[in-house]
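Report on one structure; see the data block that follows.
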Amino acid sequence: MAFTKDRTVRWQRYWDKHSRTYDKQMRFFDRHVFGDSRTWACGQARGNVLEVAVGTGLNLEAYPDDVTLTGIDFSDAMLDVARGRSKELGRLATLLQANAHELPFDDESFDTVVCTFGLCAIPDHTRAITEMTRVLRPGGRIILVDHVESTSRVARAVQRGLETFAIPLGGEHFLRRPLKHVSAAGFDIENVQRFKLGVVERLVARKPTRLDLA
Ligand SMILES: C[S@@+](CC[C@H](N)C(=O)[O-])C[C@H]1O[C@@H](n2cnc3c(N)ncnc32)[C@H](O)[C@@H]1O
């Protein structure tokens, strides 16, 4: 999929505009749909951690104290909220403006990469996953939580209907399945959990080491 500068600017503006209302909306979905997914995901992060599409930093409080945390997002307004939250919580984190399509980090530089509810919104999610796998060290883990294509035919039909307006209006995708791309990258899928008619998927996968590949 072509990704022009204009489209980046458009979605950056979209998220800048929604930065003030995001937490209230997302807390509603956390309570009623996603459950304990934030603590589930972040609680498993270890070492040098990168969170992609960190948004307003709703995950910050869920990380273990001893991780070194870097978060990126392309919306400066979302990051401003995250910076305020980081200060308030006393949770040190390096929060940078960057595009998930081209992560500004060296190969194999993180022990864990986390992304929650970001791959439904990142325009080219396969490119973002390729970047996440590149910056992860061999043996490191990718931890993803998102809403994905449902296991129920009826729910999938509803999701298809939702996409007809959610993609053009908010860049929000409902029929993606990050697991397929992580598997195709040769990762060892260690844990997959699905609930709410398979709409919510949580995934932990390990990047193979050179020994695994030998
Ligand atoms: C639904 S919010 C999720 C925020 C956060 N991960 C959470 O769990 O609450 C989607 C986020 O993805 C970010 N985003 C979308 N496309 C991006 C891209 N190409 N690069 C970096 N961030 C992006 C948006 O700015 C927004 O903060």
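Going through the structure tokens in order, the chains are called A, B, and so on, while each chain numbers its residues from 1 and the ligands are numbered from 1 in the order shown.
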
Item to check | Contact residues around Trp11 of chain A with only C-alpha atoms at 10 Å, ignoring same-chain residues under 3 positions, as an NGL selection string | outcome: :A and (6-8 or 14-17 or 74-75 or 121-123 or 169-171)

Output N, CA and C atoms for every residue in that selection, as a compact mmCIF listing (two decimals), in the first residue's frame.
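Output file again.txt is given in full below:
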# COMPACT_ATOMS: atom_id res chain seq x y z
N ASP A 6 1.11 13.00 2.62
CA ASP A 6 -0.19 13.61 2.89
C ASP A 6 -1.04 12.73 3.80
N ARG A 7 -0.98 11.42 3.55
CA ARG A 7 -1.79 10.51 4.38
C ARG A 7 -1.24 10.49 5.81
N THR A 8 0.09 10.54 5.95
CA THR A 8 0.67 10.57 7.30
C THR A 8 0.13 11.78 8.03
N TYR A 14 -5.61 13.61 12.74
CA TYR A 14 -6.76 12.91 13.31
C TYR A 14 -6.48 12.56 14.78
N TRP A 15 -5.28 11.98 15.04
CA TRP A 15 -4.97 11.55 16.41
C TRP A 15 -4.66 12.74 17.29
N ASP A 16 -4.06 13.79 16.74
CA ASP A 16 -3.85 15.01 17.53
C ASP A 16 -5.21 15.51 18.05
N LYS A 17 -6.18 15.51 17.15
CA LYS A 17 -7.50 16.03 17.49
C LYS A 17 -8.19 15.17 18.56
N PHE A 74 3.23 8.70 16.28
CA PHE A 74 3.43 9.81 15.33
C PHE A 74 2.62 11.04 15.69
N SER A 75 1.74 10.94 16.70
CA SER A 75 0.96 12.11 17.11
C SER A 75 1.61 12.78 18.32
N ALA A 121 -4.86 0.67 13.70
CA ALA A 121 -4.88 2.08 13.29
C ALA A 121 -3.69 2.47 12.42
N ILE A 122 -2.60 1.73 12.51
CA ILE A 122 -1.41 2.07 11.73
C ILE A 122 -1.72 1.77 10.26
N PRO A 123 -1.55 2.73 9.36
CA PRO A 123 -2.01 2.52 7.97
C PRO A 123 -1.49 1.24 7.34
N LEU A 169 -13.15 7.27 7.74
CA LEU A 169 -13.33 8.37 8.72
C LEU A 169 -12.25 8.39 9.80
N GLY A 170 -11.80 7.20 10.24
CA GLY A 170 -10.89 7.18 11.38
C GLY A 170 -9.66 6.30 11.19
N GLY A 171 -9.50 5.73 9.99
CA GLY A 171 -8.34 4.87 9.73
C GLY A 171 -8.36 3.60 10.56

Item to check | Spatial neighbours of Ala41 of chain A, 10 Å, only C-alpha atoms, chain gap at least 6 places, as JSON, numbers by chain | outcome: {"A": [59, 62, 63, 114, 115, 116, 142, 143, 144, 145, 202, 203, 204]}

Next, the residues of the selection above should be written as a short mmCIF file (atom, residue, chain, number, x, y, z; two decimals), in the first residue's frame with C-alpha atoms.
data_model
loop_
_atom_site.label_atom_id
_atom_site.label_comp_id
_atom_site.auth_asym_id
_atom_site.auth_seq_id
_atom_site.Cartn_x
_atom_site.Cartn_y
_atom_site.Cartn_z
CA ASN A 59 -0.01 1.24 29.45
CA ALA A 62 1.24 -1.58 33.80
CA TYR A 63 4.97 -2.18 33.15
CA VAL A 114 4.75 -4.22 22.75
CA CYS A 115 1.84 -2.87 20.71
CA THR A 116 -1.70 -2.62 22.07
CA ILE A 142 6.72 -9.39 20.60
CA ILE A 143 3.55 -8.85 22.62
CA LEU A 144 0.42 -7.73 20.78
CA VAL A 145 -3.16 -7.02 21.80
CA ARG A 202 -3.62 -11.34 22.64
CA LEU A 203 -0.38 -12.77 21.45
CA VAL A 204 3.15 -13.46 22.71
#

Next on the checklist: Let's see if you can do this: from backbone DSSP, list all strand (DSSP E or B) residues in segment 87-210 of chain A, as a PyMOL selection string.
Outcome noted: chain A and resi 94-97+110-116+136-147+188-195+200-206

Next on the checklist: At a cut-off of 12 Å, using only C-alpha atoms, what residues contact segment 23-28 of chain A? Leave out same-chain residues fewer than 2 positions from it and give the result as a list in words.
Outcome noted: His18, Ser19, Arg20, Thr21, Asp30, Arg31, His32, Val33, Phe34, Gly35, Asp36, Ser37, Arg38, Gly55, Thr56, Gly57, Leu58, Asn59, Met78, Val81, Ala82, Arg85, Thr116 and Phe117 of chain A

Next on the checklist: Could you check the closest approach to ligand 1 for each of A:Glu88, A:Leu119, A:Asp80, A:Asp107 and tell me which residue wins, using only C-alpha atoms and all ligand atoms?
Outcome noted: A:Leu119

Checklist entry - In segment 99-200 of chain A, what's helix (DSSP H, G or I) per DSSP? Answer as a ChimeraX atom specification? => result /A:125-135,153-170,178-184

Checklist entry - If you measure from atom CA of Leu69 of chain A to atom CA of Arg141 of chain A, what distance in Å do you get, rounded to one decimal? => result 14.5 Å

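The environment of Arg153 of chain A within 12 Å, counting only C-alpha atoms and disregarding residues fewer than 5 places along the same chain, consists of Val158, Gln159, Arg160, Leu175, Leu197, Gly198 and Val199 of chain A.
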
Checklist entry - With only C-alpha atoms as the atoms that count, which of A:Val135, A:Phe174, A:Ala205, A:Thr68 lies nearest to Gly186 of chain A? => result A:Ala205

Next on the checklist: So that I can see what lies close to Pro104 of chain A, please list as a ChimeraX atom specification the residues with an atom at most 12 Å from it, counting only C-alpha atoms and leaving out residues fewer than 6 positions away in the same chain.
Outcome noted: /A:50,52,70-73,96-98,131-132,134-135

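Checking A:Phe29, A:Phe110, A:Phe165, A:Phe105 one by one against Val200 of chain A, counting only C-alpha atoms, you find the shortest gap at A:Phe29.
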
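Each of A:Asn191, A:Gly139, A:Val67, A:Ala184 was compared to Leu211 of chain A using only C-alpha atoms, and A:Gly139 turns out to be the nearest.
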
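Between atom 3 (C, counted along the ligand's line) of ligand 1 and atom CA of Gly118 of chain A the interatomic distance comes to 4.6 Å.
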
Checklist entry - Closest to ligand 1 among A:Gln12, A:Thr133, A:Ser152, A:Thr164, using only C-alpha atoms and all ligand atoms? => result A:Gln12

Item to check | One-decimal distance in Å that lies between atom CA of Pro178 of chain A and atom 20 (N, counted along the ligand's line) of ligand 1 | outcome: 15.8 Å
